[in-house]
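Data block for coords16.cif (mmCIF, C-alpha atoms):
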```
data_final
loop_
_atom_site.label_atom_id
_atom_site.label_comp_id
_atom_site.auth_asym_id
_atom_site.auth_seq_id
_atom_site.Cartn_x
_atom_site.Cartn_y
_atom_site.Cartn_z
CA MET A 1 -7.90 1.01 -0.19
CA ALA A 2 -5.72 1.58 -3.21
CA SER A 3 -1.98 1.43 -2.65
CA GLY A 4 -1.22 4.06 -5.30
CA LYS A 5 0.08 1.32 -7.57
CA ALA A 6 -2.14 0.19 -10.42
CA TRP A 7 -3.57 -3.17 -11.29
CA VAL A 8 -2.56 -3.72 -14.91
CA VAL A 9 -5.05 -5.48 -17.21
CA LEU A 10 -3.74 -6.83 -20.53
CA GLN A 11 -6.60 -6.87 -23.06
CA HIS A 12 -6.07 -8.59 -26.41
CA VAL A 13 -9.31 -8.03 -28.36
CA ALA A 14 -12.06 -5.45 -28.07
CA HIS A 15 -14.82 -7.72 -26.76
CA GLU A 16 -12.78 -9.72 -24.21
CA GLU A 17 -12.51 -7.08 -21.53
CA ALA A 18 -12.07 -7.41 -17.78
CA GLY A 19 -15.80 -7.28 -17.05
CA ALA A 20 -16.52 -8.19 -13.44
CA ILE A 21 -12.79 -8.27 -12.65
CA GLY A 22 -12.51 -4.57 -13.42
CA GLU A 23 -15.73 -3.80 -11.57
CA VAL A 24 -14.53 -5.58 -8.43
CA LEU A 25 -11.16 -3.84 -8.54
CA ILE A 26 -12.75 -0.40 -8.91
CA ALA A 27 -15.27 -1.15 -6.15
CA ALA A 28 -12.32 -2.05 -3.91
CA GLY A 29 -10.80 1.38 -4.54
CA GLN A 30 -8.01 0.07 -6.77
CA VAL A 31 -6.42 1.95 -9.66
CA VAL A 32 -6.92 -0.01 -12.91
CA SER A 33 -4.71 0.51 -15.97
CA VAL A 34 -5.92 -1.30 -19.11
CA VAL A 35 -3.23 -2.06 -21.70
CA ARG A 36 -4.98 -2.45 -25.07
CA VAL A 37 -2.56 -4.71 -26.87
CA ASP A 38 -5.07 -4.89 -29.75
CA ARG A 39 -4.66 -1.14 -30.24
CA GLY A 40 -0.89 -1.21 -30.20
CA ASP A 41 -0.28 -0.41 -26.54
CA PRO A 42 3.12 -1.82 -25.55
CA VAL A 43 3.24 -4.57 -22.95
CA PRO A 44 4.99 -3.25 -19.81
CA GLY A 45 8.50 -4.53 -19.26
CA PRO A 46 9.45 -6.78 -16.32
CA ALA A 47 11.05 -3.85 -14.48
CA GLU A 48 7.64 -2.12 -14.37
CA VAL A 49 6.29 -4.81 -12.03
CA ALA A 50 7.65 -2.70 -9.16
CA ASP A 51 4.92 -0.15 -9.89
CA MET A 52 2.10 -2.69 -10.15
CA ALA A 53 -0.36 -3.77 -7.48
CA GLY A 54 -1.37 -6.80 -9.53
CA LEU A 55 -1.63 -8.21 -13.06
CA VAL A 56 -4.64 -9.54 -14.99
CA VAL A 57 -4.14 -11.21 -18.39
CA MET A 58 -7.32 -11.66 -20.43
CA GLY A 59 -8.28 -14.01 -23.26
CA GLY A 60 -8.19 -13.81 -27.03
CA PRO A 61 -8.40 -15.91 -30.20
CA MET A 62 -4.64 -16.12 -30.67
CA GLY A 63 -2.57 -18.95 -29.21
CA VAL A 64 0.55 -18.93 -27.08
CA HIS A 65 2.58 -20.34 -29.98
CA ASP A 66 1.68 -17.46 -32.33
CA ASP A 67 4.78 -15.44 -31.40
CA GLU A 68 5.69 -14.75 -35.04
CA ALA A 69 2.32 -13.13 -35.74
CA HIS A 70 2.04 -11.59 -32.28
CA PRO A 71 5.52 -10.81 -30.86
CA TRP A 72 3.93 -9.27 -27.75
CA LEU A 73 3.04 -12.77 -26.52
CA ALA A 74 6.66 -13.39 -25.52
CA HIS A 75 6.84 -9.98 -23.83
CA GLU A 76 3.70 -10.88 -21.86
CA ARG A 77 5.24 -14.11 -20.61
CA ASP A 78 8.32 -12.21 -19.45
CA LEU A 79 6.07 -9.77 -17.57
CA ILE A 80 4.02 -12.60 -16.04
CA ALA A 81 7.15 -14.41 -14.83
CA ALA A 82 8.46 -11.19 -13.26
CA ALA A 83 5.12 -10.49 -11.56
CA VAL A 84 4.99 -13.99 -10.07
CA ALA A 85 8.61 -13.72 -8.92
CA ALA A 86 7.80 -10.39 -7.26
CA ALA A 87 4.83 -12.00 -5.42
CA ARG A 88 2.28 -9.78 -7.15
CA PRO A 89 -1.26 -11.16 -7.50
CA VAL A 90 -1.61 -12.55 -11.03
CA LEU A 91 -4.83 -13.72 -12.67
CA GLY A 92 -4.75 -15.32 -16.12
CA VAL A 93 -8.05 -15.93 -17.92
CA CYS A 94 -8.30 -18.35 -20.88
CA LEU A 95 -5.34 -17.29 -23.09
CA GLY A 96 -4.03 -15.55 -19.98
CA ALA A 97 -4.07 -18.86 -18.07
CA GLN A 98 -2.16 -20.53 -20.89
CA GLN A 99 0.36 -17.68 -20.92
CA LEU A 100 0.76 -18.05 -17.16
CA ALA A 101 1.31 -21.81 -17.48
CA VAL A 102 4.00 -21.38 -20.15
CA ALA A 103 5.67 -18.54 -18.26
CA LEU A 104 6.03 -20.92 -15.31
CA GLY A 105 7.42 -23.83 -17.32
CA GLY A 106 4.24 -25.57 -18.45
CA GLU A 107 3.20 -26.47 -21.99
CA VAL A 108 0.15 -25.62 -24.09
CA THR A 109 -1.26 -28.13 -26.59
CA THR A 110 -4.39 -28.53 -28.70
CA GLY A 111 -7.27 -30.12 -26.80
CA PRO A 112 -9.44 -33.06 -27.93
CA GLU A 113 -12.13 -30.70 -29.31
CA PRO A 114 -13.26 -27.12 -28.73
CA GLU A 115 -15.09 -26.51 -25.47
CA VAL A 116 -17.46 -23.60 -26.06
CA GLY A 117 -20.61 -22.48 -24.27
CA ILE A 118 -22.26 -22.15 -20.89
CA GLY A 119 -21.16 -24.93 -18.55
CA GLU A 120 -19.36 -25.64 -15.32
CA VAL A 121 -16.16 -27.03 -13.89
CA ARG A 122 -15.76 -29.45 -11.01
CA LEU A 123 -13.50 -28.37 -8.21
CA THR A 124 -10.78 -30.68 -6.93
CA ARG A 125 -10.18 -31.81 -3.38
CA ARG A 126 -7.24 -29.39 -3.21
CA ALA A 127 -9.61 -26.53 -4.11
CA GLU A 128 -11.48 -27.04 -0.84
CA ASP A 129 -8.42 -25.70 1.01
CA ASP A 130 -7.93 -22.77 -1.36
CA ALA A 131 -8.83 -19.31 -0.06
CA VAL A 132 -10.25 -18.16 -3.42
CA PHE A 133 -11.96 -21.35 -4.65
CA GLY A 134 -12.81 -23.07 -1.36
CA PRO A 135 -16.09 -21.26 -0.60
CA VAL A 136 -17.51 -22.07 -4.08
CA GLY A 137 -18.45 -25.67 -3.31
CA PHE A 138 -18.23 -28.67 -5.66
CA THR A 139 -18.97 -27.01 -9.01
CA LEU A 140 -18.46 -23.57 -10.50
CA PRO A 141 -20.68 -22.21 -13.31
CA CYS A 142 -18.72 -20.62 -16.12
CA MET A 143 -18.44 -19.84 -19.82
CA HIS A 144 -16.11 -22.02 -21.88
CA TRP A 145 -14.47 -20.76 -25.07
CA HIS A 146 -11.20 -22.51 -25.92
CA GLY A 147 -9.60 -25.28 -27.91
CA ASP A 148 -6.18 -25.48 -26.26
CA THR A 149 -5.12 -26.80 -22.89
CA PHE A 150 -2.11 -26.47 -20.60
CA SER A 151 0.04 -28.77 -18.51
CA LEU A 152 0.45 -27.89 -14.85
CA PRO A 153 3.66 -26.01 -14.02
CA ALA A 154 5.83 -27.84 -11.49
CA GLY A 155 4.73 -27.03 -7.96
CA SER A 156 1.29 -25.76 -8.93
CA VAL A 157 -2.04 -26.92 -7.49
CA LEU A 158 -4.89 -28.16 -9.71
CA LEU A 159 -8.15 -26.50 -8.67
CA ALA A 160 -10.74 -27.42 -11.31
CA ARG A 161 -11.43 -29.83 -14.17
CA SER A 162 -14.11 -30.71 -16.72
CA GLU A 163 -14.96 -33.88 -18.65
CA LEU A 164 -13.09 -32.76 -21.77
CA TYR A 165 -10.29 -30.83 -20.12
CA PRO A 166 -8.77 -32.15 -16.88
CA HIS A 167 -6.77 -28.94 -16.33
CA GLN A 168 -9.17 -26.01 -15.96
CA ALA A 169 -7.71 -23.93 -13.13
CA PHE A 170 -4.54 -23.88 -11.06
CA ARG A 171 -2.76 -21.90 -8.41
CA TYR A 172 0.98 -21.32 -8.37
CA GLY A 173 2.40 -20.23 -5.04
CA GLU A 174 -0.08 -18.17 -3.08
CA ARG A 175 -0.95 -15.36 -5.48
CA ALA A 176 -1.00 -16.59 -9.09
CA TYR A 177 -4.16 -18.15 -10.51
CA GLY A 178 -4.88 -19.46 -14.00
CA LEU A 179 -8.50 -19.96 -15.15
CA GLN A 180 -9.08 -21.63 -18.52
CA PHE A 181 -12.76 -20.62 -18.31
CA HIS A 182 -14.58 -17.31 -17.86
CA VAL A 183 -16.35 -16.09 -14.71
CA GLU A 184 -15.89 -12.38 -15.42
CA ILE A 185 -18.96 -12.25 -17.67
CA THR A 186 -21.42 -9.42 -17.06
CA ARG A 187 -24.59 -8.60 -18.99
CA ALA A 188 -22.71 -5.95 -20.96
CA VAL A 189 -19.79 -8.29 -21.73
CA ALA A 190 -22.20 -11.04 -22.85
CA ALA A 191 -23.85 -8.60 -25.28
CA ARG A 192 -20.46 -7.89 -26.86
CA TRP A 193 -19.56 -11.58 -27.01
CA ARG A 194 -22.72 -12.86 -28.69
CA PRO A 195 -21.90 -11.65 -32.24
CA HIS A 196 -18.57 -13.50 -32.08
CA LEU A 197 -19.82 -16.87 -30.80
CA PRO A 198 -19.74 -19.95 -33.03
CA PRO A 199 -23.05 -20.96 -34.65
CA GLY A 200 -25.36 -22.75 -32.25
CA VAL A 201 -23.73 -21.37 -29.10
CA SER A 202 -25.88 -19.08 -26.96
CA MET A 203 -25.51 -17.16 -23.71
CA PRO A 204 -28.95 -17.01 -22.06
CA ALA A 205 -29.34 -14.05 -19.72
CA VAL A 206 -30.29 -16.28 -16.78
CA ASP A 207 -27.07 -18.27 -17.13
CA VAL A 208 -24.98 -15.11 -17.47
CA ALA A 209 -26.53 -13.79 -14.25
CA HIS A 210 -25.74 -17.05 -12.45
CA ILE A 211 -22.11 -17.04 -13.61
CA ASN A 212 -21.79 -13.41 -12.59
CA ALA A 213 -23.23 -13.98 -9.12
CA VAL A 214 -20.89 -16.86 -8.28
CA GLY A 215 -17.89 -15.57 -10.22
CA ARG A 216 -18.00 -12.16 -8.59
CA GLY A 217 -17.50 -13.74 -5.19
CA LEU A 218 -14.48 -15.66 -6.47
CA ILE A 219 -13.00 -12.49 -7.96
CA GLU A 220 -13.60 -10.54 -4.75
CA ARG A 221 -11.69 -13.15 -2.78
CA PHE A 222 -8.82 -13.01 -5.25
CA VAL A 223 -8.66 -9.22 -5.07
CA ALA A 224 -8.95 -9.03 -1.26
CA PRO A 225 -5.54 -8.22 0.29
CA GLY A 226 -3.81 -11.34 1.56
CA HIS A 227 -6.73 -13.59 0.56
CA HIS A 228 -4.75 -16.14 -1.46
CA GLY A 229 -3.32 -19.59 -1.02
CA LEU A 230 -4.54 -21.91 1.70
CA ARG A 231 -7.62 -21.15 3.76
CA GLU A 232 -7.17 -20.59 7.45
CA GLY A 233 -8.54 -23.20 9.79
CA PRO A 234 -11.61 -22.66 12.00
#
```
What does this structure look like when you write it as structure tokens?
Amino acid sequence: MASGKAWVVLQHVAHEEAGAIGEVLIAAGQVVSVVRVDRGDPVPGPAEVADMAGLVVMGGPMGVHDDEAHPWLAHERDLIAAAVAAARPVLGVCLGAQQLAVALGGEVTTGPEPEVGIGEVRLTRRAEDDAVFGPVGFTLPCMHWHGDTFSLPAGSVLLARSELYPHQAFRYGERAYGLQFHVEITRAVAARWRPHLPPGVSMPAVDVAHINAVGRGLIERFVAPGHHGLREGP
């Protein structure tokens, strides 16, 4: 049931919307407030965390170091830090994961080469004990679309890696998760993404459906009240 407080979704470009994340939140009876940064909506201030049930930070083509061109990036990091400090659930996706890492003291650098297209990540041994990632198994299907990477903030737990990028997902504390990849893809989101993809990159419908089926379960576990951090024993 909704608490009366809203889950705030920060959206940076028109086609990178919450997708399955928003659908799961609405299905769970949550109030969802989308902040369209790309349309000039102001990023909420840290004091507004008190009125939030949770925070979702989506992706975008800009980088975390583009503060001069996009001053709202710094405001976002302040909001993320406040949400984590207030023990609100926080989910960062792609750029959002990088913003989360920097807000918690990590660094973002350019990766060895762009990682774009349908693929998967391998889960770490620590992920087996994680309440959100544990039930997935050894690999997680996903959509990659990034060229930067992040260092792990001190005290965080690495949850997933790939051949090119050893840091693909992490958890900080019990309620903050950063995902460099995308599992929120739906059929509608994929249709909006396809015109923006680099040449030669495709998103076959069968792969989108597979990502959605597995990713939706992960999102549901993240959204479920109290379902964060370490899994309970048998």
Expanded to explicit residues, what is the PyMOL selection byres ((chain A and resi 77-84) around 12) for this file, as a CSV table (one decimal) with C-alpha atoms, keeping the file's coordinate frame?
```
chain,number,residue,atom,x,y,z
A,7,TRP,CA,-3.6,-3.2,-11.3
A,8,VAL,CA,-2.6,-3.7,-14.9
A,9,VAL,CA,-5.0,-5.5,-17.2
A,10,LEU,CA,-3.7,-6.8,-20.5
A,42,PRO,CA,3.1,-1.8,-25.6
A,43,VAL,CA,3.2,-4.6,-23.0
A,44,PRO,CA,5.0,-3.2,-19.8
A,45,GLY,CA,8.5,-4.5,-19.3
A,46,PRO,CA,9.4,-6.8,-16.3
A,47,ALA,CA,11.0,-3.8,-14.5
A,48,GLU,CA,7.6,-2.1,-14.4
A,49,VAL,CA,6.3,-4.8,-12.0
A,50,ALA,CA,7.6,-2.7,-9.2
A,51,ASP,CA,4.9,-0.2,-9.9
A,52,MET,CA,2.1,-2.7,-10.2
A,53,ALA,CA,-0.4,-3.8,-7.5
A,54,GLY,CA,-1.4,-6.8,-9.5
A,55,LEU,CA,-1.6,-8.2,-13.1
A,56,VAL,CA,-4.6,-9.5,-15.0
A,57,VAL,CA,-4.1,-11.2,-18.4
A,64,VAL,CA,0.6,-18.9,-27.1
A,65,HIS,CA,2.6,-20.3,-30.0
A,67,ASP,CA,4.8,-15.4,-31.4
A,71,PRO,CA,5.5,-10.8,-30.9
A,72,TRP,CA,3.9,-9.3,-27.8
A,73,LEU,CA,3.0,-12.8,-26.5
A,74,ALA,CA,6.7,-13.4,-25.5
A,75,HIS,CA,6.8,-10.0,-23.8
A,76,GLU,CA,3.7,-10.9,-21.9
A,85,ALA,CA,8.6,-13.7,-8.9
A,86,ALA,CA,7.8,-10.4,-7.3
A,87,ALA,CA,4.8,-12.0,-5.4
A,88,ARG,CA,2.3,-9.8,-7.2
A,89,PRO,CA,-1.3,-11.2,-7.5
A,90,VAL,CA,-1.6,-12.6,-11.0
A,91,LEU,CA,-4.8,-13.7,-12.7
A,92,GLY,CA,-4.8,-15.3,-16.1
A,95,LEU,CA,-5.3,-17.3,-23.1
A,96,GLY,CA,-4.0,-15.6,-20.0
A,97,ALA,CA,-4.1,-18.9,-18.1
A,98,GLN,CA,-2.2,-20.5,-20.9
A,99,GLN,CA,0.4,-17.7,-20.9
A,100,LEU,CA,0.8,-18.0,-17.2
A,101,ALA,CA,1.3,-21.8,-17.5
A,102,VAL,CA,4.0,-21.4,-20.2
A,103,ALA,CA,5.7,-18.5,-18.3
A,104,LEU,CA,6.0,-20.9,-15.3
A,105,GLY,CA,7.4,-23.8,-17.3
A,106,GLY,CA,4.2,-25.6,-18.4
A,171,ARG,CA,-2.8,-21.9,-8.4
A,172,TYR,CA,1.0,-21.3,-8.4
A,173,GLY,CA,2.4,-20.2,-5.0
A,174,GLU,CA,-0.1,-18.2,-3.1
A,175,ARG,CA,-1.0,-15.4,-5.5
A,176,ALA,CA,-1.0,-16.6,-9.1
A,177,TYR,CA,-4.2,-18.2,-10.5
A,178,GLY,CA,-4.9,-19.5,-14.0
```
So, counting only C-alpha atoms, which residue among A:Glu23, A:Glu17, A:Asp38, A:Asp130 is closest to A:Val223?
A:Glu23
Kindly resolve the PyMOL selection byres ((chain A and resi 148-151) around 8) on the present coordinates and return the residues as a list in words.
Gln98, Ala101, Val102, Gly106, Glu107, Val108, Thr109, Thr110, Gly111, Pro114, His146, Gly147, Leu152, Pro153, Tyr165, His167 and Gln180 of chain A
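Rounded to one decimal, atom CA of A:His182 and atom CA of A:Met143 lie 5.0 Å from each other.
Here atom CA of A:Ala6 is placed at a distance of 27.7 Å from atom CA of A:Ala191.
Coordinates place atom CA of A:Pro166 at a distance of 19.2 Å from atom CA of A:Gly59.
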Adding 4 Å on each side of the box along x, y and z that holds all listed atoms of stretch 41-46 of chain A, could you give its centre and edge lengths in Å to one decimal, as lines of an AutoDock Vina configuration file?
```
center_x = 4.6
center_y = -3.6
center_z = -21.4
size_x = 17.7
size_y = 14.4
size_z = 18.2
```
Which neighbours of stretch 204-217 of chain A fall inside 12 Å, counting only C-alpha atoms, when residues of the same chain fewer than 5 positions from it are skipped, and could you give them as a PDB file with C-alpha atoms, in the frame of the given file?
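Output (part_5.pdb):
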```pdb
ATOM      1  CA  ALA A  18     -12.070  -7.410 -17.780  1.00  0.00           C
ATOM      2  CA  GLY A  19     -15.800  -7.280 -17.050  1.00  0.00           C
ATOM      3  CA  ALA A  20     -16.520  -8.190 -13.440  1.00  0.00           C
ATOM      4  CA  ILE A  21     -12.790  -8.270 -12.650  1.00  0.00           C
ATOM      5  CA  GLY A  22     -12.510  -4.570 -13.420  1.00  0.00           C
ATOM      6  CA  GLU A  23     -15.730  -3.800 -11.570  1.00  0.00           C
ATOM      7  CA  VAL A  24     -14.530  -5.580  -8.430  1.00  0.00           C
ATOM      8  CA  LEU A  25     -11.160  -3.840  -8.540  1.00  0.00           C
ATOM      9  CA  ALA A  27     -15.270  -1.150  -6.150  1.00  0.00           C
ATOM     10  CA  GLY A 117     -20.610 -22.480 -24.270  1.00  0.00           C
ATOM     11  CA  ILE A 118     -22.260 -22.150 -20.890  1.00  0.00           C
ATOM     12  CA  GLY A 119     -21.160 -24.930 -18.550  1.00  0.00           C
ATOM     13  CA  GLU A 120     -19.360 -25.640 -15.320  1.00  0.00           C
ATOM     14  CA  VAL A 121     -16.160 -27.030 -13.890  1.00  0.00           C
ATOM     15  CA  ALA A 131      -8.830 -19.310  -0.060  1.00  0.00           C
ATOM     16  CA  VAL A 132     -10.250 -18.160  -3.420  1.00  0.00           C
ATOM     17  CA  PHE A 133     -11.960 -21.350  -4.650  1.00  0.00           C
ATOM     18  CA  GLY A 134     -12.810 -23.070  -1.360  1.00  0.00           C
ATOM     19  CA  PRO A 135     -16.090 -21.260  -0.600  1.00  0.00           C
ATOM     20  CA  VAL A 136     -17.510 -22.070  -4.080  1.00  0.00           C
ATOM     21  CA  GLY A 137     -18.450 -25.670  -3.310  1.00  0.00           C
ATOM     22  CA  THR A 139     -18.970 -27.010  -9.010  1.00  0.00           C
ATOM     23  CA  LEU A 140     -18.460 -23.570 -10.500  1.00  0.00           C
ATOM     24  CA  PRO A 141     -20.680 -22.210 -13.310  1.00  0.00           C
ATOM     25  CA  CYS A 142     -18.720 -20.620 -16.120  1.00  0.00           C
ATOM     26  CA  MET A 143     -18.440 -19.840 -19.820  1.00  0.00           C
ATOM     27  CA  HIS A 144     -16.110 -22.020 -21.880  1.00  0.00           C
ATOM     28  CA  LEU A 179      -8.500 -19.960 -15.150  1.00  0.00           C
ATOM     29  CA  PHE A 181     -12.760 -20.620 -18.310  1.00  0.00           C
ATOM     30  CA  HIS A 182     -14.580 -17.310 -17.860  1.00  0.00           C
ATOM     31  CA  VAL A 183     -16.350 -16.090 -14.710  1.00  0.00           C
ATOM     32  CA  GLU A 184     -15.890 -12.380 -15.420  1.00  0.00           C
ATOM     33  CA  ILE A 185     -18.960 -12.250 -17.670  1.00  0.00           C
ATOM     34  CA  THR A 186     -21.420  -9.420 -17.060  1.00  0.00           C
ATOM     35  CA  ARG A 187     -24.590  -8.600 -18.990  1.00  0.00           C
ATOM     36  CA  ALA A 188     -22.710  -5.950 -20.960  1.00  0.00           C
ATOM     37  CA  VAL A 189     -19.790  -8.290 -21.730  1.00  0.00           C
ATOM     38  CA  ALA A 190     -22.200 -11.040 -22.850  1.00  0.00           C
ATOM     39  CA  ALA A 191     -23.850  -8.600 -25.280  1.00  0.00           C
ATOM     40  CA  TRP A 193     -19.560 -11.580 -27.010  1.00  0.00           C
ATOM     41  CA  ARG A 194     -22.720 -12.860 -28.690  1.00  0.00           C
ATOM     42  CA  PHE A 222      -8.820 -13.010  -5.250  1.00  0.00           C
ATOM     43  CA  VAL A 223      -8.660  -9.220  -5.070  1.00  0.00           C
ATOM     44  CA  ALA A 224      -8.950  -9.030  -1.260  1.00  0.00           C
TER      45      ALA A 224
END
```
In the coordinates of the file, take the point (-8.2, -27.6, -3.0) and a cut-off of 10 Å; then, counting all atoms listed in the file, name each qualifying protein, DNA or RNA residue as a PyMOL selection string.
chain A and resi 123-134+157-160+170-171+229-231
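Using all atoms listed in the file, the nearest neighbour of A:His15 within the list A:Val201, A:Met58, A:Ala154, A:Val93 is A:Met58.
Using only C-alpha atoms, the smallest distance between any of A:His70, A:Arg122, A:His12, A:Arg221 and A:Val34 comes from A:His12.
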Please, could N, CA and C atoms be added to stretch 163-175 of chain A and the result written as a PDB file, in the frame of the given file?
```pdb
ATOM      1  N   GLU A 163     -15.026 -32.577 -18.000  1.00  0.00           N
ATOM      2  CA  GLU A 163     -14.960 -33.880 -18.650  1.00  0.00           C
ATOM      3  C   GLU A 163     -13.960 -33.881 -19.802  1.00  0.00           C
ATOM      4  N   LEU A 164     -13.977 -32.822 -20.622  1.00  0.00           N
ATOM      5  CA  LEU A 164     -13.090 -32.760 -21.770  1.00  0.00           C
ATOM      6  C   LEU A 164     -11.677 -32.332 -21.426  1.00  0.00           C
ATOM      7  N   TYR A 165     -11.573 -31.438 -20.438  1.00  0.00           N
ATOM      8  CA  TYR A 165     -10.290 -30.830 -20.120  1.00  0.00           C
ATOM      9  C   TYR A 165      -9.976 -30.989 -18.629  1.00  0.00           C
ATOM     10  N   PRO A 166      -9.065 -31.891 -18.291  1.00  0.00           N
ATOM     11  CA  PRO A 166      -8.770 -32.150 -16.880  1.00  0.00           C
ATOM     12  C   PRO A 166      -8.042 -31.003 -16.180  1.00  0.00           C
ATOM     13  N   HIS A 167      -7.457 -30.087 -16.942  1.00  0.00           N
ATOM     14  CA  HIS A 167      -6.770 -28.940 -16.330  1.00  0.00           C
ATOM     15  C   HIS A 167      -7.531 -27.661 -16.677  1.00  0.00           C
ATOM     16  N   GLN A 168      -8.333 -27.188 -15.727  1.00  0.00           N
ATOM     17  CA  GLN A 168      -9.170 -26.010 -15.960  1.00  0.00           C
ATOM     18  C   GLN A 168      -8.747 -24.810 -15.123  1.00  0.00           C
ATOM     19  N   ALA A 169      -8.169 -25.041 -13.977  1.00  0.00           N
ATOM     20  CA  ALA A 169      -7.710 -23.930 -13.130  1.00  0.00           C
ATOM     21  C   ALA A 169      -6.585 -24.427 -12.237  1.00  0.00           C
ATOM     22  N   PHE A 170      -5.639 -23.528 -11.951  1.00  0.00           N
ATOM     23  CA  PHE A 170      -4.540 -23.880 -11.060  1.00  0.00           C
ATOM     24  C   PHE A 170      -4.081 -22.664 -10.286  1.00  0.00           C
ATOM     25  N   ARG A 171      -3.414 -22.947  -9.195  1.00  0.00           N
ATOM     26  CA  ARG A 171      -2.760 -21.900  -8.410  1.00  0.00           C
ATOM     27  C   ARG A 171      -1.276 -22.214  -8.352  1.00  0.00           C
ATOM     28  N   TYR A 172      -0.459 -21.174  -8.501  1.00  0.00           N
ATOM     29  CA  TYR A 172       0.980 -21.320  -8.370  1.00  0.00           C
ATOM     30  C   TYR A 172       1.414 -20.420  -7.220  1.00  0.00           C
ATOM     31  N   GLY A 173       2.078 -21.008  -6.234  1.00  0.00           N
ATOM     32  CA  GLY A 173       2.400 -20.230  -5.040  1.00  0.00           C
ATOM     33  C   GLY A 173       1.130 -19.823  -4.329  1.00  0.00           C
ATOM     34  N   GLU A 174       1.102 -18.628  -3.795  1.00  0.00           N
ATOM     35  CA  GLU A 174      -0.080 -18.170  -3.080  1.00  0.00           C
ATOM     36  C   GLU A 174      -0.874 -17.114  -3.823  1.00  0.00           C
ATOM     37  N   ARG A 175      -0.307 -16.539  -4.904  1.00  0.00           N
ATOM     38  CA  ARG A 175      -0.950 -15.360  -5.480  1.00  0.00           C
ATOM     39  C   ARG A 175      -1.182 -15.411  -6.978  1.00  0.00           C
TER      40      ARG A 175
END
```
